[in-house]
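These notes concern the structure reproduced below.
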Amino acid sequence: MSSPRPTRTAEDRSAWRQGIAVSIATGAYGVSFGALAVAAGLDVWQTCVLSLLMFTGGSQFAFIGVIASGGLAAAPSAIASAALLGARNVAYAVRMNPVVGLSWWHRIAAAQFTIDESTAVALAHTEPRARRIGFWVTGLGIYVGWNIATLAGALLGDVLGDVRTYGLDAAAAAAFLALLWPRLRSRQAIAVGIAAAVVAASLTPWLMPGIPVLIAAFVAILVGWFNWLGARGERAR
């Protein structure tokens with residue numbers, strides 16, 4: 001006799017909604033990458049292959065940024081910059097390993113979809129099943145949307161003009177804020193968010209794209225590790 005099929009809980013439905021919403025907001029930003037990559041000197045096929053294989057927005061934009069300034073001769077530097085920014089996904093993979101599924105093929109497949117957004121949506125939930133739904137819906141949804149949008153941007157770049165004026169990057173950031181806001185319920189969480197935001201904003205004008213985020217993540221880890229304004233602060237209220 002087969003076991004009854006598990007019912008979909010409210011948190012499962014929330015994971016679906018969040019995953020789809022973040023996928024739409026983030027995937028659409030691939031239009032910008034496609035247009036900018038072609039403007040940097042890549043052809044349509046190179047642009048699409050980059051999205052299919054690399055699939056991490058920060059690394060992709062860093063790659064074409066270096067190529068745009070130095071041409072194909074700067075490819076080694078572009079690859080190094082992209083690899084540096086993609087290193088954060090290793091930390092995500094360690095955290096997501098028990099979330100994505102128990103079988104080895106789940107974990108191998110999850111490597112391609114372990115990005116900022118899929119990790120954020122998964123960790124926005126507490127139930128294991130909802131976390132798994134959030135991870136896969138977001139990762140797969142963004143992958144499909146990002147690659148379709150990349151192709152559209154590469155083909156229509158001249159028609160679209162400067163796609164950065166459309167504010168698609170702001171839509172992706174707004175999706176992240178919507179996930180973060182409900183978690184800011186303690187002093188420590190607020191302290192982590194403020195400290196990381198101040199560091200990232202202060203360093204952005206001076207460092208290459210992506211590096212301020214990595215430094216801000218390190219600051220967030222320090223704040224959490226030393227429990228600044230954490231449990232002691234909560235008890236003192």
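We label chains A, B, ... in the order they appear in the structure tokens, count residues from 1 in each chain, and number ligands from 1 in the order shown.
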
### Query
Which parts of range 98-142 of chain A does DSSP call helix (DSSP H, G or I) when run on the backbone here, written out as a ChimeraX atom specification?
/A:104-113,116-123,128-142

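The coordinates place CA of Ala111 in chain A at 24.2 Å from CA of Ala37 in chain A.
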
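Distance check against Ala122 in chain A using only C-alpha atoms: of A:Ser202, A:Ala197, A:His106, A:Ser14, the minimum falls on A:Ser14.
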
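Considering the residues A:Ala201, A:Leu102, A:Ala196, A:Ala152 and counting only C-alpha atoms, Pro128 in chain A has its shortest atom-to-atom contact with A:Leu102.
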
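In this comparison, which uses only C-alpha atoms, the residue of A:Trp146, A:His125, A:Gly41, A:Met96 approaching Leu53 in chain A most closely is A:Trp146.
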
### Task
In Å, rounded to a single decimal, give me how far CA of Thr114 in chain A is from CA of Ala91 in chain A.
9.7 Å

### Message
So that I can check the surroundings of Met54 in chain A, please list as a PyMOL selection string every protein, DNA and RNA residue that reaches within 12 Å of it, counting only C-alpha atoms and ignoring chain neighbours fewer than 3 positions away.
### Response
chain A and resi 46-51+57-63+79+82-83+85-86+89+111-115+143+146-147

Residues of the last selection are to be written out with N, CA, C and O atoms, as an mmCIF file, in the first residue's frame.
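Everything below was put into out05.cif:
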data_model
loop_
_atom_site.group_PDB
_atom_site.id
_atom_site.type_symbol
_atom_site.label_atom_id
_atom_site.label_comp_id
_atom_site.auth_asym_id
_atom_site.auth_seq_id
_atom_site.Cartn_x
_atom_site.Cartn_y
_atom_site.Cartn_z
ATOM 1 N N GLN A 46 28.122 33.383 -28.081
ATOM 2 C CA GLN A 46 29.009 33.460 -26.921
ATOM 3 C C GLN A 46 28.258 33.976 -25.690
ATOM 4 O O GLN A 46 28.444 33.480 -24.580
ATOM 5 N N THR A 47 27.413 34.949 -25.923
ATOM 6 C CA THR A 47 26.623 35.511 -24.819
ATOM 7 C C THR A 47 25.703 34.462 -24.212
ATOM 8 O O THR A 47 25.620 34.324 -22.985
ATOM 9 N N CYS A 48 25.021 33.719 -25.060
ATOM 10 C CA CYS A 48 24.079 32.705 -24.575
ATOM 11 C C CYS A 48 24.793 31.558 -23.874
ATOM 12 O O CYS A 48 24.327 31.066 -22.839
ATOM 13 N N VAL A 49 25.927 31.125 -24.418
ATOM 14 C CA VAL A 49 26.688 30.048 -23.783
ATOM 15 C C VAL A 49 27.181 30.476 -22.411
ATOM 16 O O VAL A 49 27.187 29.693 -21.454
ATOM 17 N N LEU A 50 27.564 31.739 -22.281
ATOM 18 C CA LEU A 50 28.026 32.252 -20.994
ATOM 19 C C LEU A 50 26.919 32.160 -19.949
ATOM 20 O O LEU A 50 27.158 31.769 -18.804
ATOM 21 N N SER A 51 25.698 32.519 -20.344
ATOM 22 C CA SER A 51 24.572 32.419 -19.409
ATOM 23 C C SER A 51 24.214 30.968 -19.094
ATOM 24 O O SER A 51 23.867 30.633 -17.967
ATOM 25 N N GLY A 57 24.883 35.942 -12.055
ATOM 26 C CA GLY A 57 24.826 37.277 -12.622
ATOM 27 C C GLY A 57 26.025 38.147 -12.316
ATOM 28 O O GLY A 57 26.583 38.794 -13.201
ATOM 29 N N GLY A 58 26.456 38.188 -11.041
ATOM 30 C CA GLY A 58 27.580 39.030 -10.669
ATOM 31 C C GLY A 58 28.837 38.670 -11.436
ATOM 32 O O GLY A 58 29.556 39.553 -11.941
ATOM 33 N N SER A 59 29.111 37.380 -11.557
ATOM 34 C CA SER A 59 30.300 36.931 -12.282
ATOM 35 C C SER A 59 30.192 37.249 -13.763
ATOM 36 O O SER A 59 31.178 37.639 -14.408
ATOM 37 N N GLN A 60 29.000 37.099 -14.321
ATOM 38 C CA GLN A 60 28.820 37.378 -15.747
ATOM 39 C C GLN A 60 29.028 38.855 -16.055
ATOM 40 O O GLN A 60 29.687 39.213 -17.028
ATOM 41 N N PHE A 61 28.473 39.729 -15.220
ATOM 42 C CA PHE A 61 28.655 41.160 -15.451
ATOM 43 C C PHE A 61 30.109 41.570 -15.237
ATOM 44 O O PHE A 61 30.623 42.447 -15.935
ATOM 45 N N ALA A 62 30.788 40.948 -14.254
ATOM 46 C CA ALA A 62 32.202 41.241 -14.047
ATOM 47 C C ALA A 62 33.018 40.814 -15.271
ATOM 48 O O ALA A 62 33.929 41.523 -15.705
ATOM 49 N N PHE A 63 32.677 39.665 -15.829
ATOM 50 C CA PHE A 63 33.392 39.143 -16.994
ATOM 51 C C PHE A 63 33.283 40.096 -18.178
ATOM 52 O O PHE A 63 34.293 40.484 -18.777
ATOM 53 N N ILE A 79 38.207 36.169 -16.508
ATOM 54 C CA ILE A 79 37.905 34.861 -15.916
ATOM 55 C C ILE A 79 38.228 34.867 -14.427
ATOM 56 O O ILE A 79 37.474 34.343 -13.599
ATOM 57 N N ALA A 82 35.545 36.847 -12.564
ATOM 58 C CA ALA A 82 34.300 36.084 -12.480
ATOM 59 C C ALA A 82 34.411 34.959 -11.466
ATOM 60 O O ALA A 82 33.472 34.700 -10.703
ATOM 61 N N ALA A 83 35.566 34.278 -11.443
ATOM 62 C CA ALA A 83 35.761 33.181 -10.487
ATOM 63 C C ALA A 83 35.750 33.689 -9.054
ATOM 64 O O ALA A 83 35.200 33.036 -8.147
ATOM 65 N N LEU A 85 34.161 36.311 -7.833
ATOM 66 C CA LEU A 85 32.797 36.638 -7.427
ATOM 67 C C LEU A 85 31.950 35.379 -7.265
ATOM 68 O O LEU A 85 31.036 35.335 -6.441
ATOM 69 N N GLY A 86 32.237 34.341 -8.068
ATOM 70 C CA GLY A 86 31.466 33.105 -7.968
ATOM 71 C C GLY A 86 31.846 32.252 -6.781
ATOM 72 O O GLY A 86 31.134 31.283 -6.462
ATOM 73 N N ASN A 89 29.354 31.140 -4.053
ATOM 74 C CA ASN A 89 28.412 30.044 -4.263
ATOM 75 C C ASN A 89 28.877 28.759 -3.597
ATOM 76 O O ASN A 89 28.071 27.872 -3.336
ATOM 77 N N ALA A 111 24.062 22.045 -7.995
ATOM 78 C CA ALA A 111 25.239 22.908 -8.112
ATOM 79 C C ALA A 111 25.022 24.033 -9.114
ATOM 80 O O ALA A 111 25.460 25.164 -8.897
ATOM 81 N N GLN A 112 24.330 23.748 -10.206
ATOM 82 C CA GLN A 112 24.111 24.761 -11.245
ATOM 83 C C GLN A 112 23.119 25.828 -10.801
ATOM 84 O O GLN A 112 23.157 26.955 -11.303
ATOM 85 N N PHE A 113 22.260 25.501 -9.849
ATOM 86 C CA PHE A 113 21.185 26.421 -9.464
ATOM 87 C C PHE A 113 21.400 27.032 -8.073
ATOM 88 O O PHE A 113 20.498 27.689 -7.550
ATOM 89 N N THR A 114 22.569 26.808 -7.482
ATOM 90 C CA THR A 114 22.867 27.375 -6.173
ATOM 91 C C THR A 114 23.400 28.785 -6.355
ATOM 92 O O THR A 114 24.592 28.995 -6.618
ATOM 93 N N ILE A 115 22.519 29.751 -6.251
ATOM 94 C CA ILE A 115 22.852 31.154 -6.456
ATOM 95 C C ILE A 115 22.278 31.969 -5.305
ATOM 96 O O ILE A 115 21.632 31.424 -4.399
ATOM 97 N N TYR A 143 16.877 30.259 -13.970
ATOM 98 C CA TYR A 143 17.718 29.728 -15.044
ATOM 99 C C TYR A 143 17.020 29.832 -16.395
ATOM 100 O O TYR A 143 17.603 30.295 -17.382
ATOM 101 N N TRP A 146 16.367 33.711 -17.117
ATOM 102 C CA TRP A 146 17.610 34.436 -17.374
ATOM 103 C C TRP A 146 18.144 34.131 -18.772
ATOM 104 O O TRP A 146 18.594 35.030 -19.489
ATOM 105 N N ASN A 147 18.081 32.861 -19.174
ATOM 106 C CA ASN A 147 18.617 32.498 -20.480
ATOM 107 C C ASN A 147 17.734 32.976 -21.627
ATOM 108 O O ASN A 147 18.239 33.387 -22.676
#

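Residue nearest Ile148 in chain A, chosen from A:Ile64, A:Leu52, A:Ala195, A:Ala216 and counting only C-alpha atoms: A:Leu52.
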
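Note that the spacing between CA of Val22 in chain A and CA of Val144 in chain A amounts to 12.6 Å.
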
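Using only C-alpha atoms, the contacts of Pro212 in chain A at a cut-off of 8 Å, with sequence neighbours closer than 5 positions omitted, comprise A:Val199, A:Ala200, A:Ala201, A:Leu203, A:Thr204, A:Leu207.
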